[in-house]
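Engineer: Just dropping this structure here.
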Number of protein chains: 2
Amino acid sequence: MDHDAYLERLGATTDEPADLFEHFEQRSFDGRTYHVLTDARHGLERGTVIVEDAETVIRGYPSIPRLLVLEPGVPSFFEDAETVAVEEKLDGFNVRIADVGEPLAFTRSGYVCPYTTARARKLLSLEGFFDEHPEKTLCAELIGPETPYTTTDYEGVDTHDFRVFGVRDRESGNPLSVVDRRAICETYDFNQPRLFGRAPPDTAAAELVRDAIDELDAAGREGVVMKSEPGDAMVKYTTEAQHHDELAYAFSLPFDHGRDFVFSRLIREAFQAAEFDEDEARLQERAHDLGESILVPMVEAIQDVDDGETIGHRHTVRGDADSIDALFDHLHDQSMTIELESDRREDGQRVVEFVKVAESSRDRIAHYLEGGTRDE
Amino acid sequence: MDHDAYLERLGATTDEPADLFEHFEQRSFDGRTYHVLTDARHGLERGTVIVEDAETVIRGYPSIPRLLVLEPGVPSFFEDAETVAVEEKLDGFNVRIADVGEPLAFTRSGYVCPYTTARARKLLSLEGFFDEHPEKTLCAELIGPETPYTTTDYEGVDTHDFRVFGVRDRESGNPLSVVDRRAICETYDFNQPRLFGRAPPDTAAAELVRDAIDELDAAGREGVVMKSEPGDAMVKYTTEAQHHDELAYAFSLPFDHGRDFVFSRLIREAFQAAEFDEDEARLQERAHDLGESILVPMVEAIQDVDDGETIGHRHTVRGDADSIDALFDHLHDQSMTIELESDRREDGQRVVEFVKVAESSRDRIAHYLEGGTRDE
């Protein structure tokens with residue numbers, strides 16, 4: 001790999017190739033060698049990929065900052081923007097789909113996911129899109145109750161589907177504007193996240209975002225991403241329902257999901273409560289829900305371990321037999337312990353239910369239940 | 001300092017003096033130079049002190065492990081013990097008082113606290129004790145609503161007082177047995193933590209500890225320390241009230257008290273709920289209290305910052321003018337920002353109310369309230 005040439009193409013903020021390339025890791029998929037930046041470095045996003053034989057660069061998807069208060073958060077964040085477009089943020093698995101000789105789905109951290117790749121080829125008209133736009137990458141969320149990564153239900157999605165929330169130049173990472181991206185997705189019949197509307201920065205929070213959040217919260221959904229019309233400025237904001245769901249998810253396997261995970265959700269809740277909760281009764285209700293979302297799943301996990309049950313995240317996947325085999329190879333490569341619960345055929349597809357075993361939580365809980373001590 | 005000689009006296013688990021002594025830090029108090037082990041190393045406790053001119057070693061107070069479940073925790077922890085003595089664990093400031101030419105109070109981390117030293121000299125008959133037992137160290141808790149470190153109320157303690165919970169050989173760290181320590185404290189009129197009783201390891205949890213915890217919980221107190229009769233094995237267990245109080249304390253200043261603080265308290269709650277809470281209503285009540293103890297203080301802190309108020313921990317101290325001056329010098333040396341709220345004389349003593357300003361929480365909260373984003 002010609003480091004000097006790639007350094008220039010990547011536009012990294014260093015002149016010393018070694019400074020950057022020591023943070024790349026070599027991986028391979030289906031006979032293709034690729035190099036992945038494992039952490040954000042020198043102005044490049046984590047998960048930036050170089051596919052050597054295709055001489056292709058795929059920039060990582062940028063980390064989207066988060067607002068903790070809408071007022072004055074929205075006007076302050078978008079002070080240079082004319083309008084703010086408000087779209088739904090989905091709880092799914094974020095991939096970049098690029099054509100490197102064949103279309104591949106890269107995860108945020110730069111792995112090729114064989115299952116997501118296979119499902120994208122099946123469910124999205126990739127051929128037509130990449131014929132016209134070979135230099136673009138589709139930024140899409142794999143959503144639905146039957147995926148190997150998330151299980152959140154969405155109305156109208158019985159098993160799994162994609163939502164395309166961004167179209168970017170794969171090498172520069174520059175996004176299409178919101179209006180162009182929505183148009184191009186319509187052309188190729190790509191489903192997209194819901195657009196709640198557009199408003200000037202000064203009025204967007206009060207006139208658009210608060211209502212969107214209320215509606216999404218009532219439906220148990222995640223939140224919104226706000227974008228400047230050109231798509232270059234993005235910020236997110238999430239619902240109470242999402243905070244509680246994530247805490248419940250984390251504490252159902254307390255020793256697998258980190259301490260940082262917990263703290264950041266609690267902080268979000270507090271700022272939202274300070275901004276939204278107009279009276280003490282409402283605050284108390286939120287506090288009670290919060291407490292239940294932490295304690296109840298954790299007590300259930302302890303009881304499950306005490307009863308000798310496997311604890312972990314349960315998933316169902318559905319697809320052709322090969323892509324499901326490839327998925328399990330991929331999960332094993334990532335050092336996951338998988339327990340199969342069922343493996344059957346339905347309407348010509350293979351359907352597998354499995355558990356990603358949460359070994360840390362299982363082992364720590366068992367240790368304490370046996371009377372082991374905790375040193376603090 | 002003769003490192004080889006001290007290495008042998010300390011009984012460290014290394015033969016290389018440099019391995020150990022590079023972790024010592026030199027400090028001074030009142031013209032005395034002393035050396036402090038800043039982290040547990042080579043079999044020695046954090047806070048182990050060498051006072052050079054007095055040729056004195058004062059071993060650090062050991063970290064007490066914690067049980068998360070009483071059954072089978074207690075019998076398993078004490079399997080080699082004949083009886084378990086159950087004493088109250090107090091929420092105060094833990095010091096070791098040793099005579100190094102004059103009696104000094106060393107904190108857990110090995111600082112001399114001038115205020116605690118002055119109060120101990122006033123409130124405890126140290127001269128009589130150290131005349132007879134010059135080689136001992138008194139392990140004591142400074143408790144009460146008026147201390148510079150904790151503010152927990154104890155019945156009968158209007159301002160502050162000491163409770164002696166251990167008497168140890170200062171150089172070896174070997175403790176007196178529970179019975180001898182209680183006797184010697186009575187001789188010198190040292191107040192002690194309440195002794196709930198003694199029981200064999202197999203029955204202690206059911207017959208003694210559960211009732212003690214229920215009683216302490218109802219009174220809003222911290223918990224128990226269980227000790228083998230010789231005092232060499234110790235383990236602690238805390239109440240629901242304490243977990244919630246500590247969470248409320250932590251989240252009243254969310255960005256000053258670490259993430260670890262939070263996680264460990266949540267874990268304790270869950271194991272206690274799994275063991276104690278006999279029905280769903282009781283679990284739900286605990287969850288609601290837990291949620292309130294996290295969310296309400298955090299929302300109040302946000303509102304206080306929004307209103308321009310100082311946030312931090314409020315303390316009152318009372319004593320002679322010199323020891324209070326020395327206290328504030330000591331707190332400033334520890335890089336604390338102090339705001340005085342009042343400074344008056346009462347019954348010949350100086351009484352000062354002050355706030356330890358929580359700068360991290362104040363600044364982070366202000367940042368988010370101004371619309372600053374959070375990168376995760």
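Here, A, B, ... name the chains of the structure tokens in the order displayed, residue numbers run from 1 inside each chain, and ligands are numbered from 1 in the same displayed order.
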Report as a tab-separated table: every residue of chain B with an atom at most 6 Å from chain A, its closest pair of atoms, and their distance in Å to one decimal, counting only C-alpha atoms, with rows sorted by chain and ascending residue number.
Structural biologist:
```
residue	atom	partner	partner_atom	distance
B:Pro65	CA	A:Asp375	CA	4.8
B:Arg66	CA	A:Arg374	CA	5.1
B:Leu67	CA	A:Thr373	CA	4.9
B:Pro72	CA	A:Gly371	CA	5.1
B:Gly73	CA	A:Gly371	CA	3.6
B:Ala270	CA	A:Val299	CA	5.5
B:Ala274	CA	A:Val299	CA	5.5
B:Ala287	CA	A:Gly291	CA	4.5
B:His288	CA	A:His288	CA	4.1
B:Leu290	CA	A:Gly291	CA	5.3
B:Gly291	CA	A:Gly291	CA	3.7
B:Glu292	CA	A:Ala287	CA	5.0
B:Leu295	CA	A:Ala287	CA	5.8
B:Val299	CA	A:Ala270	CA	5.4
B:Gly371	CA	A:Gly73	CA	3.5
B:Thr373	CA	A:Leu67	CA	4.9
B:Arg374	CA	A:Arg66	CA	5.1
B:Asp375	CA	A:Pro65	CA	4.9
```
Engineer: Those selected residues, please, written with N, CA and C atoms and delivered as a short mmCIF file (atom, residue, chain, number, x, y, z; two decimals), in the first residue's frame.
Structural biologist:
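To be explicit, this is the file written out as part_20.cif:
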```
data_model
loop_
_atom_site.label_atom_id
_atom_site.label_comp_id
_atom_site.auth_asym_id
_atom_site.auth_seq_id
_atom_site.Cartn_x
_atom_site.Cartn_y
_atom_site.Cartn_z
N PRO B 65 -13.31 -5.91 52.42
CA PRO B 65 -14.15 -6.40 51.32
C PRO B 65 -15.62 -6.34 51.69
N ARG B 66 -16.45 -6.48 50.68
CA ARG B 66 -17.90 -6.31 50.85
C ARG B 66 -18.62 -7.56 50.38
N LEU B 67 -19.63 -7.96 51.12
CA LEU B 67 -20.52 -9.03 50.65
C LEU B 67 -21.69 -8.40 49.91
N PRO B 72 -25.04 -17.31 50.72
CA PRO B 72 -24.09 -17.93 51.66
C PRO B 72 -22.87 -17.08 51.96
N GLY B 73 -22.97 -15.76 51.80
CA GLY B 73 -21.79 -14.93 51.97
C GLY B 73 -21.14 -15.05 53.34
N ALA B 270 -29.10 -4.26 43.71
CA ALA B 270 -29.73 -5.36 42.99
C ALA B 270 -29.55 -6.68 43.74
N ALA B 274 -32.54 -8.87 45.30
CA ALA B 274 -32.74 -10.28 44.93
C ALA B 274 -32.79 -11.15 46.18
N ALA B 287 -37.26 0.22 43.79
CA ALA B 287 -36.89 0.80 42.49
C ALA B 287 -37.30 2.28 42.43
N HIS B 288 -38.47 2.59 42.94
CA HIS B 288 -38.94 3.98 42.92
C HIS B 288 -38.04 4.87 43.77
N LEU B 290 -34.99 4.27 44.54
CA LEU B 290 -33.70 4.33 43.83
C LEU B 290 -33.74 5.41 42.74
N GLY B 291 -34.79 5.38 41.93
CA GLY B 291 -34.91 6.35 40.85
C GLY B 291 -34.94 7.78 41.38
N GLU B 292 -35.68 7.97 42.47
CA GLU B 292 -35.74 9.32 43.05
C GLU B 292 -34.38 9.76 43.59
N LEU B 295 -32.39 10.79 40.37
CA LEU B 295 -32.85 11.86 39.48
C LEU B 295 -33.09 13.19 40.19
N VAL B 299 -31.50 16.85 39.14
CA VAL B 299 -32.33 17.92 38.59
C VAL B 299 -32.19 19.19 39.45
N GLY B 371 -26.26 25.05 25.89
CA GLY B 371 -26.46 24.43 24.58
C GLY B 371 -25.23 23.68 24.08
N THR B 373 -22.67 20.67 23.34
CA THR B 373 -22.97 19.29 22.98
C THR B 373 -22.10 18.34 23.78
N ARG B 374 -22.54 17.09 23.74
CA ARG B 374 -21.81 16.03 24.43
C ARG B 374 -21.37 15.04 23.36
N ASP B 375 -20.06 14.77 23.31
CA ASP B 375 -19.55 13.78 22.36
C ASP B 375 -19.37 12.47 23.10
#
```
Engineer: Could you name the residues that touch B:Glu341 at 8 Å or less, counting only C-alpha atoms, but leaving out those on the same chain fewer than 2 positions away, as a ChimeraX atom specification?
Structural biologist: /B:339,343,352-355
Engineer: Write out as a list of chain:residue names each polymer residue whose atoms come within 7 Å of A:Pro17, counting only C-alpha atoms; drop sequence neighbours fewer than 2 positions from it.
Structural biologist: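 Residues near the query, excluding close chain neighbours: A:His3, A:Asp4, A:Leu7, A:Asp15, A:Asp19, A:Leu20, A:Phe21.
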Engineer: Pull the strand (DSSP E or B) assignments for stretch 6-154 of chain A out of DSSP run on the backbone, and list those residues as a PyMOL selection string.
Structural biologist: chain A and resi 24-29+32-37+41+44+49-51+56-58+66-67+84-89+93-99+103-107+112+136-143+154
Engineer: Could those selected residues go to a file with C-alpha atoms, as a short mmCIF file (atom, residue, chain, number, x, y, z; two decimals), in the first residue's frame?
Structural biologist:
```
data_model
loop_
_atom_site.label_atom_id
_atom_site.label_comp_id
_atom_site.auth_asym_id
_atom_site.auth_seq_id
_atom_site.Cartn_x
_atom_site.Cartn_y
_atom_site.Cartn_z
CA PHE A 24 -4.72 0.85 10.77
CA GLU A 25 -5.46 -2.85 11.16
CA GLN A 26 -5.44 -5.35 8.27
CA ARG A 27 -8.53 -7.53 7.82
CA SER A 28 -9.91 -9.62 5.01
CA PHE A 29 -13.31 -10.62 3.68
CA ARG A 32 -10.33 -9.11 -0.27
CA THR A 33 -7.74 -7.41 1.94
CA TYR A 34 -8.72 -4.16 3.58
CA HIS A 35 -7.25 -1.81 6.18
CA VAL A 36 -9.28 -0.23 8.94
CA LEU A 37 -8.58 2.76 11.15
CA ARG A 41 -7.10 9.86 14.41
CA LEU A 44 -10.28 10.78 10.20
CA VAL A 49 -11.47 1.73 5.38
CA ILE A 50 -8.99 1.32 2.55
CA VAL A 51 -9.72 -1.59 0.20
CA THR A 56 -10.93 2.51 -2.66
CA VAL A 57 -11.22 4.71 0.40
CA ILE A 58 -14.42 4.66 2.48
CA ARG A 66 -25.72 15.12 21.33
CA LEU A 67 -27.68 17.97 22.85
CA VAL A 84 -32.93 22.63 10.44
CA ALA A 85 -34.34 19.37 9.05
CA VAL A 86 -35.65 17.04 11.74
CA GLU A 87 -35.60 13.30 11.02
CA GLU A 88 -36.27 10.28 13.16
CA LYS A 89 -33.27 8.56 14.71
CA PHE A 93 -27.40 -1.35 13.19
CA ASN A 94 -25.51 1.40 11.34
CA VAL A 95 -23.60 0.33 8.21
CA ARG A 96 -21.96 1.99 5.22
CA ILE A 97 -22.63 0.17 1.97
CA ALA A 98 -20.03 0.78 -0.75
CA ASP A 99 -19.20 -0.85 -4.07
CA PRO A 103 -21.25 -4.05 -2.64
CA LEU A 104 -20.16 -4.63 0.97
CA ALA A 105 -21.71 -3.44 4.23
CA PHE A 106 -19.11 -2.03 6.63
CA THR A 107 -19.95 -1.61 10.31
CA VAL A 112 -17.58 -6.25 6.83
CA LYS A 136 -21.11 7.05 -3.23
CA THR A 137 -21.69 5.17 -0.02
CA LEU A 138 -25.15 4.46 1.39
CA CYS A 139 -25.41 5.05 5.12
CA ALA A 140 -28.17 2.76 6.31
CA GLU A 141 -29.65 1.34 9.46
CA LEU A 142 -30.60 -2.37 9.62
CA ILE A 143 -33.74 -2.34 11.78
CA TYR A 154 -40.91 -0.87 13.98
#
```
Engineer: Hey, can you check how far atom CA of A:Glu52 sits from atom CA of A:Pro134?
Structural biologist: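 We find that atom CA of A:Glu52 and atom CA of A:Pro134 lie 16.7 Å from each other.
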Engineer: Neighbours of stretch 314-331 of chain B within 10 Å (only C-alpha atoms; same-chain residues fewer than 4 positions away dropped), as number ranges by chain?
Structural biologist: B: 111-119, 122, 145-151, 159-160, 335-346, 348-357
